[in-house]
Each structure stands twice: as C-alpha cells, then as structure tokens.
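Input: a single structure, listed below in structure tokens.
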Amino acid sequence: MVLSTRLLFKQPSLLRGRSDVVTVTPWLAPIVWEDTFDPLLIDAMYKPMNLTIAATVFSVGKYIMFLKDFLETAEKHFMVDFRVHYHIFTDQPTEVPKVNLAVGRQISVHEVPKLNRWQDISASRMKIIHELIKQRISQEADYIYCLDVDTKFHFRWGAETLDRLVAQIHPWFYDMPRDQFTYERRPTSTAYIPNGDGDYYYIGALFGGMVEEVYKLVETCYKNIEVDSAKGIEAAWQEESHLNRYLLYNKPTKILSPEYLWHDQRGKTEVIKVIRLSQVLKNNAEVRENV
Ligand code: UDP
C-alpha cells in the first residue's frame, strides 16, 4: 500500500492535539476538532478505498433559494476528490439549479410534496430518507450524510468525518451545562430524556455514517415520530429531539465539533479555529411555512 512509513512516521502528524477542548467522549469516540487530525494522512488512507458518499438535502417551498449556494460551496469543500451522490428532495424539480460538478459527482432529484407546516417538512425527512436508503442508497453508497440546505461550506469538510455513526454537537449548546439542553422532557413522548441524563446536545441538521447505521437511526426516529403523532404529541424540537434520544442509547462512534456546522449568527468563539459549514442567517417568517 502506498500509504507508507513516510506518512505514518512524519513527526508533525504525531504531535497534533488540542488541550483547550475535549477530544474524546467517555465511551472513547473521537470528537473531531481542527488540529486533532492530519488531513494528508486521512486522505491517503481513505481515497484509495474508492468510497461513495451519499448526501441528502431537502429544499422544499422557499428553501429552494438556498440550494445553489449549498451545492456550489459543497463542490469546493465537501468530500473533495471523493465520489459524491447528492440526493435533492424538492417540490420544485424544475427549479433545481444547474451546478458544475467535479468528475465522479452526481445529483439525483426526488420530488416530494410540500407539507403545510415547516415542522412537518423538517420532521418528514427521516421517513423519506429511510425509504430512499431502502430503495437505492443501500446498494449505491458506503456512507450517507444528511444535511440542512440553509447552509454554506467554507472550509475542508472531509474524510475525517467518516465513521459508523456520526453526529455533531450543537453549536449553541457545546459550551452549556447539561441541564440547559433542550431535550424532550415529557415522559409521554418517545423522545423523552429525563433530567440529569444525556451526553451532548446533538444538532438535527447534520448526522450520518455508514448507510446501514443511518438506516437504523432514521427507522427508529420516524417510527417514534409516528407513535407520538398518533397520541397528538410533537416533540419539543421535532426530529432533533428524536435524534437526541436515539443517540443517547446508540452512542455515536465519532462526534463532530461545532466547526462542522456552525451558525452565522454566532460570532466565532475562541475554540473555533475554522468554520467548515455554517447555517446562514434567514428570516424564518419569510421562508418557513405557517410560522
Ligand atoms: N426545510 C425545507 N423547507 C421548509 C422547512 C424546512 O426544505 O419549509 C428543510 C431544509 O432542508 C432545512 C431543514 O428542513 O434546512 C430544517 O429546517 P429549518 O432550517 O427551518 O430548521 P432550523 O435548523 O432553522 O431549526
């Protein structure tokens, strides 16, 4: 294998590390921050594996306006030099922008209905992704990442993120105590997390991993959303609450620091050395259905 002693024994990569942030969970999963990994070494390991990475993104109703920037910036920073298959779900297939894709990258457009409430559009994603994994992605891709569209890439978002089950610490909660996490607190909901429990507060706008692991995740979450819905319950933060509950009992094997999805509204804090992807400022009243 070409990944040789030259890369493995290069001193600087062995000296990487951070003392200002936690870089490993209590169950020994890495938490990925800038300067905790060597991008050259990571690429040399993963590129020869010839992987296919699926990325799902929903662009329904007015959210179609975010798609062009999302795709154009993804082409510059998201899994560059990997085979990437974007799956775009929209109610307006003819409005999907034409974007120049690098070799080995492709887009599939899937038509979905526009639901009445923004909460339903957001929460319906779990079931739709589940169906597409079953129909196609399980045969076509090795990894899948599920992303929000109202975002822009700014910096490398690469193979260091790949693992079995991957989630990200929410950029508004990474520096907050656990009792302030906005988990679902009603025991009647299947997303319930009791006070005092929980590891991190994970963001619903980004999760992923190996296709079979993400399949289990979305299956559990969408079924729990349906159980709640039959009882007239909507979890505090819709699918994000269900994701947090799932990840409490199915620990992620890798956790991404908030560098991997920041929010433009939050100024850069000291521990954030790079912003790789960021949620753009948006006027909720203008873009969301039935606010
Ligand atoms: N979304 C959409 N159309 C909508 C509402 C949501 O396409 O009317 C999708 C879109 O991908 C968006 C994601 O669902 O990025 C999450 O919704 P939103 O951004 O409103 O949630 P937030 O992250 O602001 O809580």
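Convention: chains lettered A, B, ... in structure tokens order; per-chain residue numbering from 1; ligands numbered from 1 as shown.
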- Neighbour list for range 35-40 of chain A as a VMD selection string, cut-off 8 Å, only C-alpha atoms, skip fewer than 4 positions in-chain: chain A and resid 13 16 to 18 23 44 160
Write the residues you've just listed into a file as a PDB file, in the first residue's frame, and include N, CA, C and O atoms for each of them.
ATOM      1  N   SER A  13       2.456  14.992  12.296  1.00  0.00           N
ATOM      2  CA  SER A  13       1.162  14.369  12.492  1.00  0.00           C
ATOM      3  C   SER A  13       1.073  13.712  13.867  1.00  0.00           C
ATOM      4  O   SER A  13       0.000  13.568  14.421  1.00  0.00           O
ATOM      5  N   ARG A  16       0.076  16.312  16.754  1.00  0.00           N
ATOM      6  CA  ARG A  16      -1.182  17.042  16.752  1.00  0.00           C
ATOM      7  C   ARG A  16      -1.959  16.808  18.030  1.00  0.00           C
ATOM      8  O   ARG A  16      -1.882  15.761  18.637  1.00  0.00           O
ATOM      9  N   GLY A  17      -2.762  17.798  18.412  1.00  0.00           N
ATOM     10  CA  GLY A  17      -3.603  17.630  19.598  1.00  0.00           C
ATOM     11  C   GLY A  17      -4.117  18.964  20.065  1.00  0.00           C
ATOM     12  O   GLY A  17      -3.647  20.001  19.627  1.00  0.00           O
ATOM     13  N   ARG A  18      -5.114  18.936  20.921  1.00  0.00           N
ATOM     14  CA  ARG A  18      -5.689  20.168  21.476  1.00  0.00           C
ATOM     15  C   ARG A  18      -5.812  19.988  22.986  1.00  0.00           C
ATOM     16  O   ARG A  18      -6.244  18.939  23.457  1.00  0.00           O
ATOM     17  N   THR A  23     -11.501  16.062  23.402  1.00  0.00           N
ATOM     18  CA  THR A  23     -11.358  15.446  22.075  1.00  0.00           C
ATOM     19  C   THR A  23     -11.732  13.957  22.066  1.00  0.00           C
ATOM     20  O   THR A  23     -11.560  13.284  21.057  1.00  0.00           O
ATOM     21  N   ALA A  44      -4.877  10.106   2.458  1.00  0.00           N
ATOM     22  CA  ALA A  44      -4.089   8.982   1.938  1.00  0.00           C
ATOM     23  C   ALA A  44      -4.673   7.646   2.382  1.00  0.00           C
ATOM     24  O   ALA A  44      -4.564   6.642   1.691  1.00  0.00           O
ATOM     25  N   GLU A 160     -12.177  12.868   7.386  1.00  0.00           N
ATOM     26  CA  GLU A 160     -12.019  12.734   8.845  1.00  0.00           C
ATOM     27  C   GLU A 160     -13.370  12.554   9.540  1.00  0.00           C
ATOM     28  O   GLU A 160     -13.426  12.143  10.699  1.00  0.00           O
TER      29      GLU A 160
END
- Item | Close residues to ligand 1 using only C-alpha atoms and all ligand atoms, limit 8 Å, as a ChimeraX atom specification | /A:57-64,89-90,114,117-123,125,147-151,204-205,237,279,284,287-289
Write the residues you've just listed into a file as a short mmCIF file (atom, residue, chain, number, x, y, z; two decimals), in the first residue's frame, and include N, CA and C atoms for each of them.
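Listed below is the output, part-v2.cif:
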data_model
loop_
_atom_site.label_atom_id
_atom_site.label_comp_id
_atom_site.auth_asym_id
_atom_site.auth_seq_id
_atom_site.Cartn_x
_atom_site.Cartn_y
_atom_site.Cartn_z
N VAL A 57 -30.34 16.25 0.95
CA VAL A 57 -30.67 17.64 1.29
C VAL A 57 -32.08 17.94 0.79
N PHE A 58 -32.87 18.54 1.67
CA PHE A 58 -34.25 18.89 1.34
C PHE A 58 -34.33 20.37 1.04
N SER A 59 -35.07 20.70 -0.01
CA SER A 59 -35.18 22.08 -0.45
C SER A 59 -36.62 22.30 -0.88
N VAL A 60 -37.49 22.41 0.11
CA VAL A 60 -38.93 22.43 -0.15
C VAL A 60 -39.46 23.85 0.07
N GLY A 61 -40.41 24.26 -0.78
CA GLY A 61 -41.00 25.60 -0.64
C GLY A 61 -39.94 26.67 -0.87
N LYS A 62 -39.92 27.69 -0.02
CA LYS A 62 -38.99 28.80 -0.24
C LYS A 62 -37.53 28.40 -0.01
N TYR A 63 -37.32 27.26 0.62
CA TYR A 63 -35.94 26.84 0.89
C TYR A 63 -35.16 26.51 -0.39
N ILE A 64 -35.86 26.50 -1.52
CA ILE A 64 -35.18 26.27 -2.79
C ILE A 64 -34.11 27.36 -3.00
N PHE A 89 -34.24 16.58 -2.43
CA PHE A 89 -35.68 16.36 -2.30
C PHE A 89 -36.36 17.72 -2.37
N THR A 90 -37.26 17.87 -3.32
CA THR A 90 -37.89 19.17 -3.50
C THR A 90 -39.29 19.02 -4.09
N LYS A 114 -45.08 19.40 -0.74
CA LYS A 114 -44.85 20.44 0.27
C LYS A 114 -45.92 20.28 1.35
N ARG A 117 -46.97 22.56 7.34
CA ARG A 117 -46.23 23.22 8.43
C ARG A 117 -44.74 22.98 8.25
N TRP A 118 -43.93 23.98 8.58
CA TRP A 118 -42.47 23.81 8.45
C TRP A 118 -41.98 22.68 9.35
N GLN A 119 -42.65 22.51 10.51
CA GLN A 119 -42.23 21.45 11.43
C GLN A 119 -42.42 20.08 10.77
N ASP A 120 -43.50 19.94 9.98
CA ASP A 120 -43.78 18.66 9.33
C ASP A 120 -42.79 18.41 8.19
N ILE A 121 -42.42 19.48 7.49
CA ILE A 121 -41.45 19.33 6.39
C ILE A 121 -40.13 18.82 6.97
N SER A 122 -39.72 19.47 8.05
CA SER A 122 -38.45 19.10 8.67
C SER A 122 -38.50 17.67 9.22
N ALA A 123 -39.59 17.34 9.94
CA ALA A 123 -39.69 16.02 10.59
C ALA A 123 -39.93 14.89 9.59
N ARG A 125 -38.45 14.30 6.99
CA ARG A 125 -37.22 13.88 6.32
C ARG A 125 -36.77 12.47 6.72
N LEU A 147 -28.04 16.53 5.55
CA LEU A 147 -27.68 17.92 5.83
C LEU A 147 -28.84 18.87 5.60
N ASP A 148 -28.84 19.99 6.34
CA ASP A 148 -29.79 21.08 6.09
C ASP A 148 -29.34 21.88 4.88
N VAL A 149 -30.29 22.48 4.15
CA VAL A 149 -29.92 23.21 2.94
C VAL A 149 -29.55 24.68 3.21
N ASP A 150 -30.04 25.24 4.31
CA ASP A 150 -29.78 26.67 4.55
C ASP A 150 -28.39 26.85 5.17
N THR A 151 -27.42 26.33 4.45
CA THR A 151 -26.04 26.30 4.94
C THR A 151 -25.08 26.57 3.78
N GLY A 204 -29.89 18.53 14.84
CA GLY A 204 -30.66 17.71 13.89
C GLY A 204 -30.29 17.98 12.45
N ALA A 205 -29.57 19.06 12.22
CA ALA A 205 -29.25 19.48 10.85
C ALA A 205 -28.11 18.69 10.22
N TRP A 237 -38.37 19.71 19.79
CA TRP A 237 -37.65 20.13 18.59
C TRP A 237 -37.76 19.08 17.48
N GLN A 279 -24.69 27.57 9.14
CA GLN A 279 -26.08 27.89 8.83
C GLN A 279 -26.16 29.38 8.55
N ASN A 284 -37.06 33.61 9.34
CA ASN A 284 -37.97 32.47 9.46
C ASN A 284 -39.38 32.80 8.98
N VAL A 287 -39.34 32.50 5.11
CA VAL A 287 -39.07 31.24 4.39
C VAL A 287 -39.87 30.04 4.89
N ARG A 288 -40.30 30.08 6.17
CA ARG A 288 -40.98 28.91 6.70
C ARG A 288 -42.48 28.92 6.39
N GLU A 289 -43.03 27.71 6.25
CA GLU A 289 -44.47 27.58 6.01
C GLU A 289 -45.22 27.69 7.34
#
- Quote the spacing between CA of Glu75 in chain A and CA of Thr56 in chain A in Å to one decimal place. 14.4 Å
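Our summary of the geometry notes that CA of Pro187 in chain A is positioned 21.1 Å from CA of Lys251 in chain A.
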- Message: Quick one: residues within 8 Å of range 130-133 of chain A, only C-alpha atoms, excluding same-chain residues fewer than 4 positions away - as JSON, numbers by chain?
- Response: {"A": [126, 137, 138, 211, 215, 218, 219]}
Please produce a file of those selected residues containing C-alpha atoms, as a PDB file, in the first residue's frame.
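Saved the output as part.pdb:
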ATOM      1  CA  MET A 126     -36.479  10.817   8.490  1.00  0.00           C
ATOM      2  CA  ILE A 137     -28.734   4.156  -1.341  1.00  0.00           C
ATOM      3  CA  SER A 138     -28.094   0.824   0.397  1.00  0.00           C
ATOM      4  CA  VAL A 211     -25.523   3.509   5.359  1.00  0.00           C
ATOM      5  CA  TYR A 215     -30.909   3.314   8.179  1.00  0.00           C
ATOM      6  CA  VAL A 218     -33.947   7.048  10.665  1.00  0.00           C
ATOM      7  CA  GLU A 219     -36.175   3.992  11.015  1.00  0.00           C
TER       8      GLU A 219
END
- Task: Find the residue from A:Val80, A:Ala230, A:Met49, A:Leu71 that sits nearest to Gly158 in chain A; use only C-alpha atoms when measuring.
- Result: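 Distance minimum relative to Gly158 in chain A lands on A:Val80.
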- Task: Return as a PyMOL selection string the full set of residues in range 70-254 of chain A whose backbone-based DSSP assignment is strand (DSSP E).
- Result: chain A and resi 83-90+105-111+143-147+151-153+165-169+202-210+254
Only N, CA, C and O atoms, please: the residues just picked out, written as a compact mmCIF listing (two decimals), in the first residue's frame.
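Once everything was written out, this is selection_18.txt:
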# COMPACT_ATOMS: atom_id res chain seq x y z
N ARG A 83 -16.18 10.24 -4.51
CA ARG A 83 -17.38 10.07 -5.30
C ARG A 83 -18.57 10.47 -4.42
O ARG A 83 -18.77 9.88 -3.35
N VAL A 84 -19.29 11.51 -4.83
CA VAL A 84 -20.39 12.03 -4.02
C VAL A 84 -21.68 12.00 -4.84
O VAL A 84 -21.69 12.39 -6.01
N HIS A 85 -22.74 11.52 -4.22
CA HIS A 85 -24.05 11.49 -4.89
C HIS A 85 -25.01 12.32 -4.05
O HIS A 85 -25.39 11.92 -2.95
N TYR A 86 -25.34 13.50 -4.54
CA TYR A 86 -26.30 14.36 -3.85
C TYR A 86 -27.71 13.88 -4.17
O TYR A 86 -28.04 13.69 -5.35
N HIS A 87 -28.52 13.73 -3.14
CA HIS A 87 -29.94 13.42 -3.33
C HIS A 87 -30.73 14.63 -2.86
O HIS A 87 -30.75 14.95 -1.67
N ILE A 88 -31.36 15.31 -3.83
CA ILE A 88 -32.09 16.54 -3.52
C ILE A 88 -33.58 16.23 -3.52
O ILE A 88 -34.12 15.70 -4.50
N PHE A 89 -34.24 16.58 -2.43
CA PHE A 89 -35.68 16.36 -2.30
C PHE A 89 -36.36 17.72 -2.37
O PHE A 89 -36.03 18.62 -1.58
N THR A 90 -37.26 17.87 -3.32
CA THR A 90 -37.89 19.17 -3.50
C THR A 90 -39.29 19.02 -4.09
O THR A 90 -39.59 18.00 -4.74
N ARG A 105 -18.98 13.01 -9.41
CA ARG A 105 -20.05 13.52 -8.52
C ARG A 105 -21.33 13.69 -9.33
O ARG A 105 -21.30 14.06 -10.49
N GLN A 106 -22.46 13.41 -8.72
CA GLN A 106 -23.74 13.49 -9.44
C GLN A 106 -24.87 13.92 -8.52
O GLN A 106 -24.75 13.86 -7.30
N ILE A 107 -25.95 14.35 -9.17
CA ILE A 107 -27.15 14.79 -8.45
C ILE A 107 -28.33 13.95 -8.89
O ILE A 107 -28.51 13.72 -10.09
N SER A 108 -29.15 13.49 -7.94
CA SER A 108 -30.46 12.93 -8.26
C SER A 108 -31.50 13.79 -7.58
O SER A 108 -31.34 14.16 -6.42
N VAL A 109 -32.56 14.11 -8.33
CA VAL A 109 -33.63 14.95 -7.78
C VAL A 109 -34.85 14.07 -7.51
O VAL A 109 -35.25 13.27 -8.36
N HIS A 110 -35.40 14.20 -6.31
CA HIS A 110 -36.59 13.42 -5.93
C HIS A 110 -37.71 14.38 -5.58
O HIS A 110 -37.51 15.27 -4.74
N GLU A 111 -38.85 14.18 -6.21
CA GLU A 111 -39.97 15.10 -5.94
C GLU A 111 -40.70 14.66 -4.67
O GLU A 111 -41.02 13.48 -4.50
N TYR A 143 -21.34 5.45 2.66
CA TYR A 143 -21.67 6.37 3.76
C TYR A 143 -22.78 7.30 3.30
O TYR A 143 -22.92 7.57 2.10
N ILE A 144 -23.49 7.84 4.27
CA ILE A 144 -24.53 8.83 3.95
C ILE A 144 -24.48 9.95 4.99
O ILE A 144 -24.31 9.68 6.19
N TYR A 145 -24.59 11.18 4.51
CA TYR A 145 -24.67 12.34 5.42
C TYR A 145 -25.95 13.11 5.08
O TYR A 145 -26.27 13.31 3.91
N CYS A 146 -26.69 13.48 6.11
CA CYS A 146 -27.98 14.15 5.94
C CYS A 146 -27.81 15.58 6.44
O CYS A 146 -27.45 15.80 7.61
N LEU A 147 -28.04 16.53 5.55
CA LEU A 147 -27.68 17.92 5.83
C LEU A 147 -28.84 18.87 5.60
O LEU A 147 -29.69 18.64 4.75
N THR A 151 -27.42 26.33 4.45
CA THR A 151 -26.04 26.30 4.94
C THR A 151 -25.08 26.57 3.78
O THR A 151 -25.45 26.39 2.61
N LYS A 152 -23.85 26.98 4.16
CA LYS A 152 -22.80 27.16 3.14
C LYS A 152 -21.49 26.58 3.66
O LYS A 152 -21.15 26.80 4.84
N PHE A 153 -20.77 25.91 2.79
CA PHE A 153 -19.45 25.39 3.16
C PHE A 153 -18.40 26.49 3.00
O PHE A 153 -18.47 27.30 2.07
N LEU A 165 -21.28 5.69 13.00
CA LEU A 165 -22.44 6.52 13.34
C LEU A 165 -21.91 7.88 13.82
O LEU A 165 -21.17 7.94 14.81
N VAL A 166 -22.29 8.92 13.10
CA VAL A 166 -21.65 10.23 13.29
C VAL A 166 -22.72 11.29 13.59
O VAL A 166 -23.73 11.38 12.89
N ALA A 167 -22.46 12.08 14.62
CA ALA A 167 -23.38 13.18 14.95
C ALA A 167 -22.54 14.38 15.35
O ALA A 167 -21.33 14.27 15.57
N GLN A 168 -23.22 15.52 15.43
CA GLN A 168 -22.48 16.74 15.76
C GLN A 168 -23.04 17.46 16.99
O GLN A 168 -24.26 17.58 17.15
N ILE A 169 -22.15 17.96 17.80
CA ILE A 169 -22.56 18.76 18.96
C ILE A 169 -23.11 20.09 18.45
O ILE A 169 -22.49 20.75 17.61
N TYR A 202 -27.10 17.13 20.46
CA TYR A 202 -26.73 16.97 19.05
C TYR A 202 -27.66 17.78 18.16
O TYR A 202 -28.86 17.89 18.42
N ILE A 203 -27.12 18.31 17.07
CA ILE A 203 -27.91 19.10 16.14
C ILE A 203 -28.63 18.19 15.13
O ILE A 203 -28.05 17.21 14.63
N GLY A 204 -29.89 18.53 14.84
CA GLY A 204 -30.66 17.71 13.89
C GLY A 204 -30.29 17.98 12.45
O GLY A 204 -30.64 17.20 11.55
N ALA A 205 -29.57 19.06 12.22
CA ALA A 205 -29.25 19.48 10.85
C ALA A 205 -28.11 18.69 10.22
O ALA A 205 -27.79 18.92 9.04
N LEU A 206 -27.52 17.78 10.97
CA LEU A 206 -26.38 17.03 10.44
C LEU A 206 -26.21 15.72 11.20
O LEU A 206 -26.03 15.73 12.42
N PHE A 207 -26.31 14.62 10.49
CA PHE A 207 -25.96 13.31 11.06
C PHE A 207 -25.60 12.40 9.88
O PHE A 207 -25.91 12.72 8.73
N GLY A 208 -24.94 11.32 10.20
CA GLY A 208 -24.56 10.44 9.10
C GLY A 208 -23.79 9.24 9.59
O GLY A 208 -23.85 8.87 10.76
N GLY A 209 -23.08 8.62 8.65
CA GLY A 209 -22.29 7.43 8.98
C GLY A 209 -22.46 6.37 7.91
O GLY A 209 -22.82 6.67 6.77
N MET A 210 -22.19 5.11 8.30
CA MET A 210 -22.35 4.03 7.33
C MET A 210 -23.84 3.85 7.04
O MET A 210 -24.68 4.04 7.93
N LYS A 254 -18.30 8.49 16.28
CA LYS A 254 -17.47 9.68 16.07
C LYS A 254 -18.36 10.89 16.24
O LYS A 254 -19.52 10.87 15.80
- Message: Could you list, as a PyMOL selection string, every residue within 9 Å of Pro194 in chain A, counting only C-alpha atoms and ignoring same-chain residues fewer than 6 positions away?
- Response: chain A and resi 183-187
- Have a look at CA of Phe78 in chain A and CA of Asn244 in chain A and let me know their distance in Å, one decimal.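 Computed distance, CA of Phe78 in chain A to CA of Asn244 in chain A, equals 24.7 Å.
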- Query: In terms of the shortest atom-to-atom distance over only C-alpha atoms, which of A:Leu67, A:Ile42, A:Leu115, A:Ala55 is closest to Val280 in chain A?
  - Reply: A:Leu67
- Could you pull the residues within 8 Å of Pro258 in chain A, counting only C-alpha atoms, minus those fewer than 3 positions along the same chain, as a PyMOL selection string? chain A and resi 168-171+174+261-262+272
- May I have all residues of range 91-212 of chain A that DSSP, computed from the backbone, assigns to alpha helix (DSSP H), given as a PyMOL selection string? chain A and resi 118-123+125-132+138-140+211-212
Let's have the selection written as a compact mmCIF listing (two decimals), in the first residue's frame, with all heavy atoms.
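Below is the file selection.txt, written as the result:
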# COMPACT_ATOMS: atom_id res chain seq x y z
N TRP A 118 -43.93 23.98 8.58
CA TRP A 118 -42.47 23.81 8.45
C TRP A 118 -41.98 22.68 9.35
O TRP A 118 -41.06 21.94 9.01
CB TRP A 118 -41.72 25.12 8.71
CG TRP A 118 -41.84 25.64 10.13
CD1 TRP A 118 -42.76 26.52 10.59
CD2 TRP A 118 -41.00 25.32 11.24
NE1 TRP A 118 -42.56 26.76 11.93
CE2 TRP A 118 -41.49 26.05 12.36
CE3 TRP A 118 -39.88 24.50 11.42
CZ2 TRP A 118 -40.90 25.96 13.62
CZ3 TRP A 118 -39.30 24.42 12.67
CH2 TRP A 118 -39.80 25.14 13.76
N GLN A 119 -42.65 22.51 10.51
CA GLN A 119 -42.23 21.45 11.43
C GLN A 119 -42.42 20.08 10.77
O GLN A 119 -41.59 19.17 10.97
CB GLN A 119 -43.07 21.49 12.72
CG GLN A 119 -42.90 22.72 13.56
CD GLN A 119 -43.93 23.81 13.22
OE1 GLN A 119 -44.40 23.90 12.09
NE2 GLN A 119 -44.25 24.64 14.19
N ASP A 120 -43.50 19.94 9.98
CA ASP A 120 -43.78 18.66 9.33
C ASP A 120 -42.79 18.41 8.19
O ASP A 120 -42.37 17.27 7.96
CB ASP A 120 -45.21 18.62 8.80
CG ASP A 120 -46.22 18.64 9.95
OD1 ASP A 120 -45.86 18.22 11.06
OD2 ASP A 120 -47.36 19.10 9.72
N ILE A 121 -42.42 19.48 7.49
CA ILE A 121 -41.45 19.33 6.39
C ILE A 121 -40.13 18.82 6.97
O ILE A 121 -39.54 17.86 6.48
CB ILE A 121 -41.25 20.67 5.65
CG1 ILE A 121 -42.56 21.09 4.95
CG2 ILE A 121 -40.10 20.56 4.64
CD1 ILE A 121 -42.52 22.45 4.30
N SER A 122 -39.72 19.47 8.05
CA SER A 122 -38.45 19.10 8.67
C SER A 122 -38.50 17.67 9.22
O SER A 122 -37.60 16.85 8.99
CB SER A 122 -38.19 20.14 9.78
OG SER A 122 -36.99 19.93 10.38
N ALA A 123 -39.59 17.34 9.94
CA ALA A 123 -39.69 16.02 10.59
C ALA A 123 -39.93 14.89 9.59
O ALA A 123 -39.55 13.74 9.85
CB ALA A 123 -40.79 16.04 11.63
N ARG A 125 -38.45 14.30 6.99
CA ARG A 125 -37.22 13.88 6.32
C ARG A 125 -36.77 12.47 6.72
O ARG A 125 -36.28 11.71 5.89
CB ARG A 125 -36.09 14.89 6.60
CG ARG A 125 -36.35 16.23 5.95
CD ARG A 125 -35.22 17.21 6.20
NE ARG A 125 -35.14 17.60 7.60
CZ ARG A 125 -34.16 18.34 8.11
NH1 ARG A 125 -33.17 18.75 7.34
NH2 ARG A 125 -34.17 18.69 9.38
N MET A 126 -36.95 12.13 8.00
CA MET A 126 -36.48 10.82 8.49
C MET A 126 -37.12 9.67 7.69
O MET A 126 -36.44 8.74 7.27
CB MET A 126 -36.83 10.66 9.97
CG MET A 126 -36.08 11.61 10.89
SD MET A 126 -34.36 11.12 11.03
CE MET A 126 -33.83 12.07 12.46
N LYS A 127 -38.43 9.78 7.49
CA LYS A 127 -39.15 8.69 6.80
C LYS A 127 -38.75 8.63 5.31
O LYS A 127 -38.57 7.55 4.74
CB LYS A 127 -40.66 8.91 6.93
CG LYS A 127 -41.45 7.75 6.42
CD LYS A 127 -42.92 7.85 6.74
CE LYS A 127 -43.63 6.58 6.32
NZ LYS A 127 -45.03 6.58 6.66
N ILE A 128 -38.59 9.80 4.72
CA ILE A 128 -38.27 9.84 3.28
C ILE A 128 -36.84 9.30 3.05
O ILE A 128 -36.58 8.55 2.12
CB ILE A 128 -38.44 11.28 2.75
CG1 ILE A 128 -39.92 11.70 2.85
CG2 ILE A 128 -37.95 11.39 1.31
CD1 ILE A 128 -40.18 13.17 2.58
N ILE A 129 -35.94 9.69 3.94
CA ILE A 129 -34.55 9.19 3.81
C ILE A 129 -34.54 7.67 4.01
O ILE A 129 -33.86 6.93 3.28
CB ILE A 129 -33.62 9.89 4.84
CG1 ILE A 129 -33.46 11.38 4.49
CG2 ILE A 129 -32.25 9.21 4.89
CD1 ILE A 129 -32.81 12.22 5.58
N HIS A 130 -35.33 7.18 4.96
CA HIS A 130 -35.42 5.74 5.22
C HIS A 130 -35.83 5.01 3.94
O HIS A 130 -35.21 4.00 3.56
CB HIS A 130 -36.46 5.52 6.33
CG HIS A 130 -36.70 4.08 6.66
ND1 HIS A 130 -37.74 3.36 6.11
CD2 HIS A 130 -36.04 3.23 7.46
CE1 HIS A 130 -37.69 2.13 6.58
NE2 HIS A 130 -36.67 2.02 7.40
N GLU A 131 -36.84 5.53 3.27
CA GLU A 131 -37.34 4.89 2.06
C GLU A 131 -36.27 4.89 0.96
O GLU A 131 -36.07 3.89 0.28
CB GLU A 131 -38.60 5.65 1.59
CG GLU A 131 -39.40 4.98 0.50
CD GLU A 131 -39.82 3.55 0.82
OE1 GLU A 131 -40.05 3.24 2.01
OE2 GLU A 131 -39.90 2.74 -0.13
N LEU A 132 -35.57 6.02 0.82
CA LEU A 132 -34.57 6.08 -0.25
C LEU A 132 -33.36 5.18 0.05
O LEU A 132 -32.78 4.59 -0.87
CB LEU A 132 -34.10 7.53 -0.50
CG LEU A 132 -33.28 7.65 -1.79
CD1 LEU A 132 -34.15 7.50 -3.04
CD2 LEU A 132 -32.51 8.96 -1.85
N SER A 138 -28.76 1.99 -0.20
CA SER A 138 -28.09 0.82 0.40
C SER A 138 -27.29 0.06 -0.66
O SER A 138 -26.30 -0.60 -0.33
CB SER A 138 -29.12 -0.10 1.06
OG SER A 138 -30.08 -0.46 0.10
N GLN A 139 -27.69 0.15 -1.92
CA GLN A 139 -26.92 -0.54 -2.98
C GLN A 139 -25.88 0.37 -3.62
O GLN A 139 -25.00 -0.10 -4.33
CB GLN A 139 -27.85 -1.03 -4.10
CG GLN A 139 -28.82 -2.13 -3.69
CD GLN A 139 -30.25 -1.62 -3.67
OE1 GLN A 139 -30.78 -1.24 -4.71
NE2 GLN A 139 -30.87 -1.60 -2.51
N GLU A 140 -25.98 1.66 -3.39
CA GLU A 140 -25.15 2.59 -4.16
C GLU A 140 -24.03 3.27 -3.37
O GLU A 140 -23.08 3.77 -3.95
CB GLU A 140 -26.04 3.71 -4.74
CG GLU A 140 -26.99 3.22 -5.80
CD GLU A 140 -27.91 4.32 -6.33
OE1 GLU A 140 -27.81 5.48 -5.88
OE2 GLU A 140 -28.73 4.00 -7.19
N VAL A 211 -24.12 3.51 5.80
CA VAL A 211 -25.52 3.51 5.36
C VAL A 211 -26.40 2.64 6.26
O VAL A 211 -27.50 3.04 6.66
CB VAL A 211 -25.61 3.07 3.87
CG1 VAL A 211 -27.05 2.89 3.44
CG2 VAL A 211 -24.91 4.10 2.99
N GLU A 212 -25.90 1.46 6.65
CA GLU A 212 -26.77 0.56 7.45
C GLU A 212 -27.04 1.12 8.84
O GLU A 212 -28.10 0.90 9.41
CB GLU A 212 -26.19 -0.86 7.52
CG GLU A 212 -24.80 -0.98 8.09
CD GLU A 212 -23.70 -0.91 7.02
OE1 GLU A 212 -23.87 -0.19 6.00
OE2 GLU A 212 -22.66 -1.56 7.22
With a distance cut-off of 9 Å and only C-alpha atoms, select the neighbouring residues of Val32 in chain A, excluding the residue or stretch itself and same-chain residues fewer than 6 positions from it, and output the selection as a short mmCIF file (atom, residue, chain, number, x, y, z; two decimals) with N, CA and C atoms, in the first residue's frame.
data_model
loop_
_atom_site.label_atom_id
_atom_site.label_comp_id
_atom_site.auth_asym_id
_atom_site.auth_seq_id
_atom_site.Cartn_x
_atom_site.Cartn_y
_atom_site.Cartn_z
N THR A 23 -11.50 16.06 23.40
CA THR A 23 -11.36 15.45 22.08
C THR A 23 -11.73 13.96 22.07
N VAL A 24 -12.25 13.48 23.18
CA VAL A 24 -12.71 12.09 23.21
C VAL A 24 -13.88 12.00 24.19
N GLU A 160 -12.18 12.87 7.39
CA GLU A 160 -12.02 12.73 8.84
C GLU A 160 -13.37 12.55 9.54
N THR A 161 -14.47 12.86 8.84
CA THR A 161 -15.81 12.73 9.43
C THR A 161 -16.35 11.31 9.31
N LYS A 254 -18.30 8.49 16.28
CA LYS A 254 -17.47 9.68 16.07
C LYS A 254 -18.36 10.89 16.24
N ILE A 255 -17.82 11.92 16.87
CA ILE A 255 -18.61 13.14 17.09
C ILE A 255 -17.88 14.29 16.42
N LEU A 256 -18.62 15.11 15.73
CA LEU A 256 -18.03 16.28 15.08
C LEU A 256 -18.18 17.48 16.00
N SER A 257 -17.14 18.27 16.06
CA SER A 257 -17.19 19.51 16.83
C SER A 257 -18.07 20.51 16.07
N GLU A 259 -17.38 23.02 14.58
CA GLU A 259 -16.75 23.51 13.32
C GLU A 259 -17.47 22.99 12.10
N TYR A 260 -18.04 21.77 12.24
CA TYR A 260 -18.60 21.09 11.07
C TYR A 260 -19.99 21.60 10.70
#
